[in-house]
file coords_32.cif (mmCIF, C-alpha atoms, pLDDT in the B column; chains and numbers go by the auth columns)
data_entry
#
loop_
_atom_site.group_PDB
_atom_site.id
_atom_site.type_symbol
_atom_site.label_atom_id
_atom_site.label_comp_id
_atom_site.label_asym_id
_atom_site.label_seq_id
_atom_site.Cartn_x
_atom_site.Cartn_y
_atom_site.Cartn_z
_atom_site.B_iso_or_equiv
_atom_site.auth_seq_id
_atom_site.auth_asym_id
ATOM 1 C CA MET A 1 3.199 -21.475 39.024 78.00 14 J
ATOM 2 C CA GLY A 2 6.082 -23.871 38.547 88.00 15 J
ATOM 3 C CA GLU A 3 3.939 -26.324 36.584 91.00 16 J
ATOM 4 C CA CYS A 4 2.665 -23.497 34.386 92.00 17 J
ATOM 5 C CA LEU A 5 6.206 -22.371 33.543 93.00 18 J
ATOM 6 C CA TRP A 6 7.292 -25.967 32.974 92.00 19 J
ATOM 7 C CA ARG A 7 4.568 -26.417 30.370 94.00 20 J
ATOM 8 C CA PHE A 8 5.708 -23.286 28.578 92.00 21 J
ATOM 9 C CA GLY A 9 9.120 -24.885 28.296 91.00 22 J
ATOM 10 C CA GLU A 10 7.534 -27.824 26.467 95.00 23 J
ATOM 11 C CA GLN A 11 5.694 -25.744 23.857 96.00 24 J
ATOM 12 C CA THR A 12 6.378 -26.532 20.198 97.00 25 J
ATOM 13 C CA TYR A 13 6.310 -22.791 19.397 96.00 26 J
ATOM 14 C CA ARG A 14 9.468 -21.342 20.918 94.00 27 J
ATOM 15 C CA ASP A 15 9.738 -17.686 19.843 94.00 28 J
ATOM 16 C CA PHE A 16 8.453 -16.018 23.004 94.00 29 J
ATOM 17 C CA GLU A 17 9.532 -14.416 26.260 94.00 30 J
ATOM 18 C CA ILE A 18 7.824 -14.806 29.623 95.00 31 J
ATOM 19 C CA ILE A 19 6.985 -11.825 31.829 94.00 32 J
ATOM 20 C CA ALA A 20 5.791 -12.338 35.407 93.00 33 J
ATOM 21 C CA VAL A 21 4.320 -9.530 37.498 93.00 34 J
ATOM 22 C CA ASP A 22 4.376 -10.200 41.244 91.00 35 J
ATOM 23 C CA SER A 23 2.599 -8.118 43.870 90.00 36 J
ATOM 24 C CA GLY A 24 3.978 -9.434 47.144 85.00 37 J
ATOM 25 C CA SER A 25 2.992 -13.085 46.800 83.00 38 J
ATOM 26 C CA THR A 26 3.717 -15.489 49.651 79.00 39 J
ATOM 27 C CA ASP A 27 3.456 -18.757 47.697 80.00 40 J
ATOM 28 C CA ARG A 28 7.146 -19.162 46.747 83.00 41 J
ATOM 29 C CA THR A 29 6.664 -17.364 43.407 84.00 42 J
ATOM 30 C CA LEU A 30 9.947 -15.476 43.700 86.00 43 J
ATOM 31 C CA GLU A 31 11.810 -18.682 44.463 89.00 44 J
ATOM 32 C CA ILE A 32 10.128 -20.646 41.682 90.00 45 J
ATOM 33 C CA VAL A 33 10.778 -18.177 38.844 89.00 46 J
ATOM 34 C CA LYS A 34 14.527 -18.312 39.510 89.00 47 J
ATOM 35 C CA ASN A 35 14.488 -21.796 37.967 91.00 48 J
ATOM 36 C CA PHE A 36 13.060 -20.581 34.647 93.00 49 J
ATOM 37 C CA ASP A 37 13.871 -18.089 31.912 91.00 50 J
ATOM 38 C CA VAL A 38 11.462 -15.451 33.194 93.00 51 J
ATOM 39 C CA LYS A 39 11.646 -11.661 33.425 94.00 52 J
ATOM 40 C CA LEU A 40 10.231 -10.848 36.840 94.00 53 J
ATOM 41 C CA PHE A 41 8.754 -7.454 37.707 93.00 54 J
ATOM 42 C CA GLN A 42 7.391 -6.526 41.111 92.00 55 J
ATOM 43 C CA ILE A 43 4.746 -4.029 42.136 93.00 56 J
ATOM 44 C CA ARG A 44 3.623 -3.056 45.624 91.00 57 J
ATOM 45 C CA PRO A 45 0.607 -5.000 46.982 91.00 58 J
ATOM 46 C CA GLU A 46 -1.355 -1.762 47.342 91.00 59 J
ATOM 47 C CA GLU A 47 -0.820 -1.032 43.635 90.00 60 J
ATOM 48 C CA PHE A 48 -2.329 -4.294 42.465 92.00 61 J
ATOM 49 C CA SER A 49 -5.402 -4.562 40.313 92.00 62 J
ATOM 50 C CA TYR A 50 -5.942 -6.940 37.410 92.00 63 J
ATOM 51 C CA PRO A 51 -5.821 -4.292 34.657 94.00 64 J
ATOM 52 C CA TYR A 52 -2.876 -2.457 36.229 94.00 65 J
ATOM 53 C CA ALA A 53 -0.797 -5.646 36.510 94.00 66 J
ATOM 54 C CA LEU A 54 -1.630 -6.505 32.897 95.00 67 J
ATOM 55 C CA ASN A 55 -0.799 -3.031 31.594 95.00 68 J
ATOM 56 C CA TYR A 56 2.401 -3.023 33.625 94.00 69 J
ATOM 57 C CA GLY A 57 3.512 -6.379 32.220 94.00 70 J
ATOM 58 C CA CYS A 58 2.525 -5.659 28.625 95.00 71 J
ATOM 59 C CA SER A 59 4.427 -2.369 28.674 94.00 72 J
ATOM 60 C CA ARG A 60 7.615 -4.310 29.426 92.00 73 J
ATOM 61 C CA VAL A 61 7.355 -7.053 26.800 90.00 74 J
ATOM 62 C CA ASN A 62 9.507 -6.943 23.670 89.00 75 J
ATOM 63 C CA ALA A 63 6.746 -8.552 21.579 85.00 76 J
ATOM 64 C CA THR A 64 6.069 -7.173 18.111 89.00 77 J
ATOM 65 C CA LYS A 65 2.706 -8.762 17.241 97.00 78 J
ATOM 66 C CA TYR A 66 0.971 -10.634 20.079 97.00 79 J
ATOM 67 C CA PHE A 67 0.556 -10.836 23.857 97.00 80 J
ATOM 68 C CA ALA A 68 -0.342 -14.217 25.351 97.00 81 J
ATOM 69 C CA ILE A 69 -2.070 -13.667 28.708 96.00 82 J
ATOM 70 C CA LEU A 70 -2.274 -16.522 31.203 94.00 83 J
ATOM 71 C CA SER A 71 -3.110 -16.754 34.902 88.00 84 J
ATOM 72 C CA ALA A 72 -0.173 -18.135 36.869 83.00 85 J
ATOM 73 C CA HIS A 73 -2.216 -21.086 38.150 84.00 86 J
ATOM 74 C CA SER A 74 -3.585 -22.046 34.732 92.00 87 J
ATOM 75 C CA LEU A 75 -2.051 -24.954 32.809 95.00 88 J
ATOM 76 C CA PRO A 76 -1.972 -25.211 28.985 95.00 89 J
ATOM 77 C CA ILE A 77 -3.624 -28.459 27.901 94.00 90 J
ATOM 78 C CA SER A 78 -1.008 -29.475 25.318 96.00 91 J
ATOM 79 C CA LYS A 79 2.481 -28.894 23.965 97.00 92 J
ATOM 80 C CA THR A 80 0.928 -27.259 20.870 98.00 93 J
ATOM 81 C CA TRP A 81 -1.255 -24.887 22.930 97.00 94 J
ATOM 82 C CA LEU A 82 0.576 -21.701 21.910 97.00 95 J
ATOM 83 C CA GLN A 83 1.096 -22.841 18.322 97.00 96 J
ATOM 84 C CA ASP A 84 -2.616 -23.660 17.982 97.00 97 J
ATOM 85 C CA GLY A 85 -3.673 -20.298 19.397 97.00 98 J
ATOM 86 C CA LEU A 86 -1.419 -18.286 17.107 98.00 99 J
ATOM 87 C CA ALA A 87 -2.633 -20.257 14.085 98.00 100 J
ATOM 88 C CA ASP A 88 -6.140 -18.849 14.666 97.00 101 J
ATOM 89 C CA PHE A 89 -5.075 -15.351 13.599 98.00 102 J
ATOM 90 C CA THR A 90 -6.139 -15.935 10.013 96.00 103 J
ATOM 91 C CA ASP A 91 -7.106 -12.342 9.168 96.00 104 J
ATOM 92 C CA GLU A 92 -6.557 -8.800 10.432 96.00 105 J
ATOM 93 C CA LYS A 93 -10.037 -8.474 11.951 97.00 106 J
ATOM 94 C CA ILE A 94 -9.346 -11.062 14.658 98.00 107 J
ATOM 95 C CA MET A 95 -8.511 -9.106 17.825 98.00 108 J
ATOM 96 C CA GLY A 96 -7.754 -12.161 19.922 98.00 109 J
ATOM 97 C CA VAL A 97 -8.045 -15.867 20.610 98.00 110 J
ATOM 98 C CA TYR A 98 -9.281 -17.534 23.786 96.00 111 J
ATOM 99 C CA GLY A 99 -10.083 -21.040 24.941 93.00 112 J
ATOM 100 C CA PHE A 100 -12.207 -23.053 27.299 90.00 113 J
ATOM 101 C CA VAL A 101 -11.399 -23.676 30.975 89.00 114 J
ATOM 102 C CA TRP A 102 -11.209 -27.261 32.249 89.00 115 J
ATOM 103 C CA ALA A 103 -11.250 -28.171 35.941 90.00 116 J
ATOM 104 C CA LEU A 104 -7.983 -29.290 37.514 87.00 117 J
ATOM 105 C CA PRO A 105 -7.664 -32.774 39.062 87.00 118 J
ATOM 106 C CA ASP A 106 -8.058 -31.308 42.574 89.00 119 J
ATOM 107 C CA ALA A 107 -11.178 -29.331 41.617 88.00 120 J
ATOM 108 C CA SER A 108 -14.459 -29.687 43.458 92.00 121 J
ATOM 109 C CA VAL A 109 -17.071 -32.180 42.303 92.00 122 J
ATOM 110 C CA TRP A 110 -19.260 -29.316 41.076 87.00 123 J
ATOM 111 C CA GLU A 111 -16.457 -27.768 39.033 86.00 124 J
ATOM 112 C CA LYS A 112 -15.758 -31.101 37.356 90.00 125 J
ATOM 113 C CA LEU A 113 -19.451 -31.696 36.631 86.00 126 J
ATOM 114 C CA ILE A 114 -20.078 -28.215 35.234 84.00 127 J
ATOM 115 C CA PHE A 115 -16.849 -27.530 33.349 83.00 128 J
ATOM 116 C CA ASN A 116 -15.700 -30.990 32.305 84.00 129 J
ATOM 117 C CA GLU A 117 -18.861 -33.038 31.952 80.00 130 J
ATOM 118 C CA TYR A 118 -21.406 -30.426 30.828 75.00 131 J
ATOM 119 C CA LEU A 119 -19.771 -27.341 29.327 76.00 132 J
ATOM 120 C CA GLY A 120 -16.781 -29.324 28.104 71.00 133 J
ATOM 121 C CA ARG A 121 -19.011 -31.295 25.745 73.00 134 J
ATOM 122 C CA ILE A 122 -20.607 -28.118 24.360 71.00 135 J
ATOM 123 C CA PHE A 123 -17.467 -26.068 23.804 71.00 136 J
ATOM 124 C CA ARG A 124 -15.236 -28.658 22.127 77.00 137 J
ATOM 125 C CA THR A 125 -15.267 -26.553 18.971 83.00 138 J
ATOM 126 C CA ARG A 126 -13.578 -23.680 17.161 90.00 139 J
ATOM 127 C CA THR A 127 -15.941 -20.713 16.886 93.00 140 J
ATOM 128 C CA ARG A 128 -15.678 -17.163 15.529 94.00 141 J
ATOM 129 C CA THR A 129 -17.271 -14.735 18.001 93.00 142 J
ATOM 130 C CA GLU A 130 -18.561 -11.357 16.823 93.00 143 J
ATOM 131 C CA LYS A 131 -20.209 -9.895 19.925 91.00 144 J
ATOM 132 C CA PRO A 132 -19.341 -9.568 23.635 88.00 145 J
ATOM 133 C CA GLY A 133 -20.599 -11.888 26.345 86.00 146 J
ATOM 134 C CA MET A 134 -19.586 -13.399 29.679 79.00 147 J
ATOM 135 C CA GLY A 135 -16.272 -15.200 29.295 85.00 148 J
ATOM 136 C CA VAL A 136 -15.593 -13.958 25.769 92.00 149 J
ATOM 137 C CA LEU A 137 -11.843 -13.292 25.411 95.00 150 J
ATOM 138 C CA GLY A 138 -11.369 -13.894 29.125 93.00 151 J
ATOM 139 C CA PHE A 139 -7.811 -13.217 30.255 94.00 152 J
ATOM 140 C CA THR A 140 -7.511 -16.483 32.147 92.00 153 J
ATOM 141 C CA ASN A 141 -6.053 -17.569 28.804 95.00 154 J
ATOM 142 C CA ALA A 142 -5.982 -15.373 25.724 97.00 155 J
ATOM 143 C CA ILE A 143 -3.791 -14.041 22.931 98.00 156 J
ATOM 144 C CA ILE A 144 -4.397 -10.494 21.721 98.00 157 J
ATOM 145 C CA ARG A 145 -2.902 -8.250 19.055 98.00 158 J
ATOM 146 C CA LYS A 146 -0.248 -5.947 20.464 97.00 159 J
ATOM 147 C CA GLU A 147 -1.129 -3.168 18.022 97.00 160 J
ATOM 148 C CA LEU A 148 -4.641 -2.979 19.490 98.00 161 J
ATOM 149 C CA TRP A 149 -3.320 -2.785 23.042 97.00 162 J
ATOM 150 C CA ASP A 150 -0.949 -0.041 21.890 96.00 163 J
ATOM 151 C CA LYS A 151 -3.965 1.925 20.700 96.00 164 J
ATOM 152 C CA ARG A 152 -6.036 1.295 23.820 96.00 165 J
ATOM 153 C CA ARG A 153 -4.702 -0.136 27.075 95.00 166 J
ATOM 154 C CA PHE A 154 -6.817 -2.100 29.539 96.00 167 J
ATOM 155 C CA ASN A 155 -9.259 0.088 31.435 95.00 168 J
ATOM 156 C CA GLU A 156 -7.986 0.454 34.999 94.00 169 J
ATOM 157 C CA ALA A 157 -11.366 1.610 36.239 92.00 170 J
ATOM 158 C CA TYR A 158 -12.138 -2.142 36.337 91.00 171 J
ATOM 159 C CA GLY A 159 -9.883 -2.777 39.305 87.00 172 J
ATOM 160 C CA LEU A 160 -11.845 -5.796 40.566 83.00 173 J
ATOM 161 C CA GLY A 161 -11.902 -7.498 37.166 88.00 174 J
ATOM 162 C CA GLY A 162 -13.884 -7.223 33.971 91.00 175 J
ATOM 163 C CA GLU A 163 -11.194 -5.339 32.060 94.00 176 J
ATOM 164 C CA ASP A 164 -10.994 -8.222 29.582 95.00 177 J
ATOM 165 C CA GLY A 165 -14.665 -8.030 28.630 94.00 178 J
ATOM 166 C CA GLU A 166 -14.566 -4.229 28.473 94.00 179 J
ATOM 167 C CA TRP A 167 -11.496 -4.258 26.204 96.00 180 J
ATOM 168 C CA ALA A 168 -13.042 -6.895 23.928 96.00 181 J
ATOM 169 C CA GLY A 169 -16.311 -4.952 23.806 95.00 182 J
ATOM 170 C CA TYR A 170 -14.478 -1.833 22.675 96.00 183 J
ATOM 171 C CA TRP A 171 -12.958 -3.651 19.688 98.00 184 J
ATOM 172 C CA PHE A 172 -16.135 -5.588 18.892 97.00 185 J
ATOM 173 C CA GLY A 173 -17.728 -2.180 18.464 97.00 186 J
ATOM 174 C CA ARG A 174 -15.112 -1.344 15.838 97.00 187 J
ATOM 175 C CA GLY A 175 -15.666 -4.366 13.641 97.00 188 J
ATOM 176 C CA TYR A 176 -13.244 -6.848 15.182 98.00 189 J
ATOM 177 C CA CYS A 177 -14.018 -10.410 16.266 98.00 190 J
ATOM 178 C CA ALA A 178 -12.489 -13.114 18.474 98.00 191 J
ATOM 179 C CA VAL A 179 -11.932 -16.844 18.058 97.00 192 J
ATOM 180 C CA ARG A 180 -12.712 -19.423 20.750 95.00 193 J
ATOM 181 C CA ASP A 181 -10.645 -22.536 20.102 95.00 194 J
ATOM 182 C CA TRP A 182 -10.909 -25.581 22.373 93.00 195 J
ATOM 183 C CA ARG A 183 -7.290 -26.459 21.474 95.00 196 J
ATOM 184 C CA PHE A 184 -6.242 -23.257 23.275 96.00 197 J
ATOM 185 C CA SER A 185 -7.924 -24.298 26.530 94.00 198 J
ATOM 186 C CA VAL A 186 -6.331 -24.502 29.976 95.00 199 J
ATOM 187 C CA TYR A 187 -6.833 -26.370 33.226 93.00 200 J
ATOM 188 C CA HIS A 188 -7.969 -23.839 35.820 89.00 201 J
ATOM 189 C CA SER A 189 -10.181 -24.090 38.912 85.00 202 J
ATOM 190 C CA HIS A 190 -10.396 -22.919 42.530 83.00 203 J
ATOM 191 C CA GLY A 191 -12.082 -25.760 44.406 85.00 204 J
ATOM 192 C CA LEU A 192 -15.404 -23.912 44.615 82.00 205 J
ATOM 193 C CA GLY A 193 -18.687 -25.444 45.690 88.00 206 J
ATOM 194 C CA LEU A 194 -22.025 -24.806 43.989 86.00 207 J
ATOM 195 C CA ARG A 195 -22.892 -21.774 46.152 90.00 208 J
ATOM 196 C CA GLN A 196 -19.441 -20.257 45.618 88.00 209 J
ATOM 197 C CA LEU A 197 -19.661 -20.819 41.863 78.00 210 J
ATOM 198 C CA LYS A 198 -23.025 -19.037 41.800 86.00 211 J
ATOM 199 C CA GLU A 199 -21.539 -16.095 43.716 86.00 212 J
ATOM 200 C CA GLN A 200 -18.600 -15.999 41.300 74.00 213 J
ATOM 201 C CA TRP A 201 -20.888 -15.871 38.266 73.00 214 J
ATOM 202 C CA GLN A 202 -22.949 -13.117 39.894 81.00 215 J
ATOM 203 C CA HIS A 203 -19.746 -11.180 40.488 74.00 216 J
ATOM 204 C CA TRP A 204 -18.702 -11.581 36.847 70.00 217 J
ATOM 205 C CA ALA A 205 -22.136 -10.415 35.698 75.00 218 J
ATOM 206 C CA SER A 206 -21.862 -7.308 37.894 77.00 219 J
ATOM 207 C CA LEU A 207 -18.616 -6.326 36.162 73.00 220 J
ATOM 208 C CA ASP A 208 -20.448 -5.587 32.913 73.00 221 J
ATOM 209 C CA LYS A 209 -21.484 -2.130 34.157 74.00 222 J
ATOM 210 C CA PRO A 210 -19.779 0.552 32.013 75.00 223 J
ATOM 211 C CA GLN A 211 -16.955 2.493 33.657 81.00 224 J
ATOM 212 C CA PRO A 212 -15.103 5.596 32.380 81.00 225 J
ATOM 213 C CA PHE A 213 -11.829 4.841 30.615 82.00 226 J
ATOM 214 C CA LYS A 214 -8.906 5.089 33.051 80.00 227 J
ATOM 215 C CA PRO A 215 -5.512 3.924 31.672 67.00 228 J
ATOM 216 C CA LEU A 216 -3.266 5.313 34.405 67.00 229 J
ATOM 217 C CA GLY A 217 -1.107 2.552 35.836 61.00 230 J
ATOM 218 C CA PHE A 218 0.858 1.703 32.712 55.00 231 J
ATOM 219 C CA ARG A 219 2.529 5.120 32.942 52.00 232 J
ATOM 220 C CA LYS A 220 4.227 4.235 36.219 49.00 233 J
ATOM 221 C CA LYS A 221 7.877 3.172 35.919 45.00 234 J
#

call {"tool": "encode", "arguments": {"input": "coords_32.cif", "output": "structure tokens"}}
result
Amino acid sequence: MGECLWRFGEQTYRDFEIIAVDSGSTDRTLEIVKNFDVKLFQIRPEEFSYPYALNYGCSRVNATKYFAILSAHSLPISKTWLQDGLADFTDEKIMGVYGFVWALPDASVWEKLIFNEYLGRIFRTRTRTEKPGMGVLGFTNAIIRKELWDKRRFNEAYGLGGEDGEWAGYWFGRGYCAVRDWRFSVYHSHGLGLRQLKEQWQHWASLDKPQPFKPLGFRKK
């Protein structure tokens, strides 16, 4: 997390605040954030789910237009990462911007082959996306319009993940689109082998099943 926060400090775009939501981590997170200009909020481990943590954090940001969402162990690829992502909001029908995911230096051989050597060559583009799909507007790294979140929070029925795709699908259905920009990519990997990557993709695919809308956690104070 320290490297992630350090890279935020190097961004050319400076008008932002950083919110961190911790749920009982044991990896020195609480110690690390003391060295940075970060607003830290804590929730109980038993309260944690991906959409709840996101709703909780977003409800405490003083932002007026955009939320930038980033996993704590993801690293922006450049000092202009945030500036490049914000520049993609060229019209009011763009709900959000997302980027590609590159494998970290300590990634597995399979992650480097798949994400860096194969997919990395395909996705080195800027593309306007008008329909949902796996990975579209994934919250590993994304910027979304605050006004849309204000109208519809992340669905907390998706406690194991998939709230990003469900939220994007809702707004796709109302005429919005997203932009995938390779300049807004991050380094992010878990050291997974081929079998583990297959299981991960199967898990992601299983999250596409519709769930009833359940925006409960953001109400907790």

call {"tool": "residues_around", "arguments": {"input": "coords_32.cif", "residues": "Thr77 in chain J", "least_positions_apart": "3", "cutoff": "10 Å", "atoms": "all atoms listed in the file", "output": "PyMOL selection string"}}
result
chain J and resi 74+80+158-160

call {"tool": "residues_around", "arguments": {"input": "coords_32.cif", "residues": "Lys227 in chain J", "least_positions_apart": "6", "cutoff": "12 Å", "atoms": "all atoms listed in the file", "output": "PyMOL selection string"}}
result
chain J and resi 64-65+68+165-172+176+179-180

call {"tool": "residues_near_point", "arguments": {"input": "coords_32.cif", "point": "(-14.7, -19.9, 20.7)", "cutoff": "8 Å", "atoms": "all atoms listed in the file", "output": "VMD selection string"}}
result
chain J and resid 110 to 113 136 138 to 142 149 191 to 195

call {"tool": "atom_distance", "arguments": {"input": "coords_32.cif", "atom1": "CA of Ile90 in chain J", "atom2": "CA of Gln209 in chain J"}}
result
25.1 Å

call {"tool": "closest_residue", "arguments": {"input": "coords_32.cif", "among": "J:Leu95, J:Ile135, J:Leu205, J:Val122", "to": "Thr25 in chain J", "atoms": "only C-alpha atoms"}}
result
J:Leu95

call {"tool": "closest_residue", "arguments": {"input": "coords_32.cif", "among": "J:Tyr183, J:Lys92, J:Tyr63, J:Arg20", "to": "Trp162 in chain J", "atoms": "only C-alpha atoms"}}
result
J:Tyr183

call {"tool": "closest_residue", "arguments": {"input": "coords_32.cif", "among": "J:His86, J:Trp123, J:Val46, J:Lys222", "to": "Arg208 in chain J", "atoms": "all atoms listed in the file"}}
result
J:Trp123

call {"tool": "atom_distance", "arguments": {"input": "coords_32.cif", "atom1": "CA of Leu132 in chain J", "atom2": "CA of Ala120 in chain J"}}
result
15.1 Å

call {"tool": "resolve_selection", "arguments": {"input": "coords_32.cif", "expression": "the PyMOL selection byres ((chain J and resi 54) around 7)", "output": "list of chain:residue names"}}
result
J:Ala33, J:Val34, J:Asp35, J:Lys52, J:Leu53, J:Gln55, J:Ile56

call {"tool": "closest_residue", "arguments": {"input": "coords_32.cif", "among": "J:Gln213, J:Gln224, J:Asn154, J:Ser202", "to": "Leu83 in chain J", "atoms": "all atoms listed in the file"}}
result
J:Asn154

call {"tool": "closest_residue", "arguments": {"input": "coords_32.cif", "among": "J:Asn129, J:Ser198, J:Thr103, J:Ser219", "to": "Pro89 in chain J", "atoms": "all atoms listed in the file"}}
result
J:Ser198

call {"tool": "axis_aligned_box", "arguments": {"input": "coords_32.cif", "around": "range 90-107 of chain J", "padding_each_side": "8 Å", "output": "lines of an AutoDock Vina configuration file"}}
result
center_x = -3.8
center_y = -19.0
center_z = 18.5
size_x = 28.5
size_y = 37.0
size_z = 34.7

call {"tool": "build_atoms", "arguments": {"input": "coords_32.cif", "residues": "range 33-56 of chain J", "atoms": "N, CA and C atoms", "output": "CSV table (one decimal), in the coordinates of the input"}}
result
chain,number,residue,atom,x,y,z
J,33,ALA,N,6.6,-12.1,34.2
J,33,ALA,CA,5.8,-12.3,35.4
J,33,ALA,C,5.7,-11.1,36.2
J,34,VAL,N,4.5,-10.7,36.7
J,34,VAL,CA,4.3,-9.5,37.5
J,34,VAL,C,3.9,-10.0,38.9
J,35,ASP,N,4.7,-9.7,39.9
J,35,ASP,CA,4.4,-10.2,41.2
J,35,ASP,C,4.0,-9.0,42.1
J,36,SER,N,3.0,-9.2,43.0
J,36,SER,CA,2.6,-8.1,43.9
J,36,SER,C,2.7,-8.5,45.3
J,37,GLY,N,3.8,-9.1,45.7
J,37,GLY,CA,4.0,-9.4,47.1
J,37,GLY,C,3.4,-10.8,47.5
J,38,SER,N,3.5,-11.8,46.6
J,38,SER,CA,3.0,-13.1,46.8
J,38,SER,C,3.8,-13.8,47.9
J,39,THR,N,3.1,-14.7,48.6
J,39,THR,CA,3.7,-15.5,49.7
J,39,THR,C,3.7,-17.0,49.4
J,40,ASP,N,3.6,-17.3,48.1
J,40,ASP,CA,3.5,-18.8,47.7
J,40,ASP,C,4.7,-19.3,47.0
J,41,ARG,N,5.9,-18.7,47.3
J,41,ARG,CA,7.1,-19.2,46.7
J,41,ARG,C,7.3,-18.7,45.3
J,42,THR,N,6.5,-17.8,44.8
J,42,THR,CA,6.7,-17.4,43.4
J,42,THR,C,8.1,-16.9,43.1
J,43,LEU,N,8.6,-16.0,44.0
J,43,LEU,CA,9.9,-15.5,43.7
J,43,LEU,C,11.0,-16.6,43.7
J,44,GLU,N,10.9,-17.6,44.5
J,44,GLU,CA,11.8,-18.7,44.5
J,44,GLU,C,11.6,-19.5,43.2
J,45,ILE,N,10.4,-19.8,42.8
J,45,ILE,CA,10.1,-20.6,41.7
J,45,ILE,C,10.7,-20.1,40.4
J,46,VAL,N,10.4,-18.8,40.1
J,46,VAL,CA,10.8,-18.2,38.8
J,46,VAL,C,12.3,-18.2,38.6
J,47,LYS,N,13.1,-18.3,39.7
J,47,LYS,CA,14.5,-18.3,39.5
J,47,LYS,C,15.0,-19.5,38.7
J,48,ASN,N,14.1,-20.6,38.7
J,48,ASN,CA,14.5,-21.8,38.0
J,48,ASN,C,14.1,-21.8,36.5
J,49,PHE,N,13.5,-20.7,36.0
J,49,PHE,CA,13.1,-20.6,34.6
J,49,PHE,C,13.6,-19.3,34.0
J,50,ASP,N,13.5,-19.3,32.7
J,50,ASP,CA,13.9,-18.1,31.9
J,50,ASP,C,12.7,-17.1,31.9
J,51,VAL,N,12.6,-16.4,33.0
J,51,VAL,CA,11.5,-15.5,33.2
J,51,VAL,C,12.0,-14.1,33.6
J,52,LYS,N,11.4,-13.0,33.0
J,52,LYS,CA,11.6,-11.7,33.4
J,52,LYS,C,10.6,-11.3,34.5
J,53,LEU,N,11.1,-11.1,35.7
J,53,LEU,CA,10.2,-10.8,36.8
J,53,LEU,C,10.2,-9.4,37.2
J,54,PHE,N,9.0,-8.8,37.3
J,54,PHE,CA,8.8,-7.5,37.7
J,54,PHE,C,7.9,-7.5,38.9
J,55,GLN,N,8.1,-6.6,39.9
J,55,GLN,CA,7.4,-6.5,41.1
J,55,GLN,C,6.7,-5.2,41.3
J,56,ILE,N,5.5,-5.2,41.8
J,56,ILE,CA,4.7,-4.0,42.1
J,56,ILE,C,4.3,-4.1,43.6
